[in-house]
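Asker: One structure follows; several queries about it will come next.
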Amino acid sequence: MTGKGFSVLAITSLFRTACEPQYGMFNKQQFMALAARARVRVISPAPWLPHLPLLRNWKRWHNLAAIPRHEIIEGLEVSHPRYAMLPKIGRKFGAHSFAAGIRPTVRRLVHAERPDCVLGT
């Protein structure tokens with residue numbers, strides 16, 4: 001099946017956001033090329049961090065807290081579900097937290113859009 005009737009759900013932790021426009025450029029280019037031939041929906045999880053003034057001292061963490069839950073980037077619909085992450089000490093639980101964080105979004109989109117394939121990068 002080809003053309004816009006083909007639907008792809010792409011899941012990646014490396015994708016640009018409004019807060020970090022240069023991040024994950026390869027994946028953005030790849031998904032944009034794919035979108036020329038199929039409907040593409042992107043799930044790009046972001047770590048959950050409170051939006052606290054204290055985080056301004058750590059620009060990277062402050063930017064992560066400001067990532068919107070949903071945005072459209074160059075025509076691609078992108079969802080940014082949150083997952084719990086404790087910097088440095090939480091890596092042991094990172095994969096489980098990531099999976100638990102995206103599960104509701106993946107279920108909702110699979111049920112609503114019935115993608116023909118799921119692409120994980």
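Each chain in the structure tokens gets a letter, A, B, ..., in the order shown, and its residues are numbered from 1; ligands are numbered from 1 in order too.
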Which polymer residues have any atom within 7 Å of an atom of Asp116 (chain A), counting only C-alpha atoms, with same-chain residues fewer than 2 positions away left out, as a PyMOL selection string?
Answerer: chain A and resi 6-8+114
Asker: Go through chain A and collect every residue that DSSP, computed from the backbone, puts in strand (DSSP E or B); the answer should be as number ranges by chain.
Answerer: A: 7-11, 39-43, 46-48, 70-73, 76-79, 82-84, 117-120
Asker: Would you mind listing what lies within 9 Å of Pro68 (chain A) as number ranges by chain, with only C-alpha atoms counted and same-chain residues fewer than 2 positions away left out?
Answerer: A: 17-19, 65-66, 70-71, 79-80
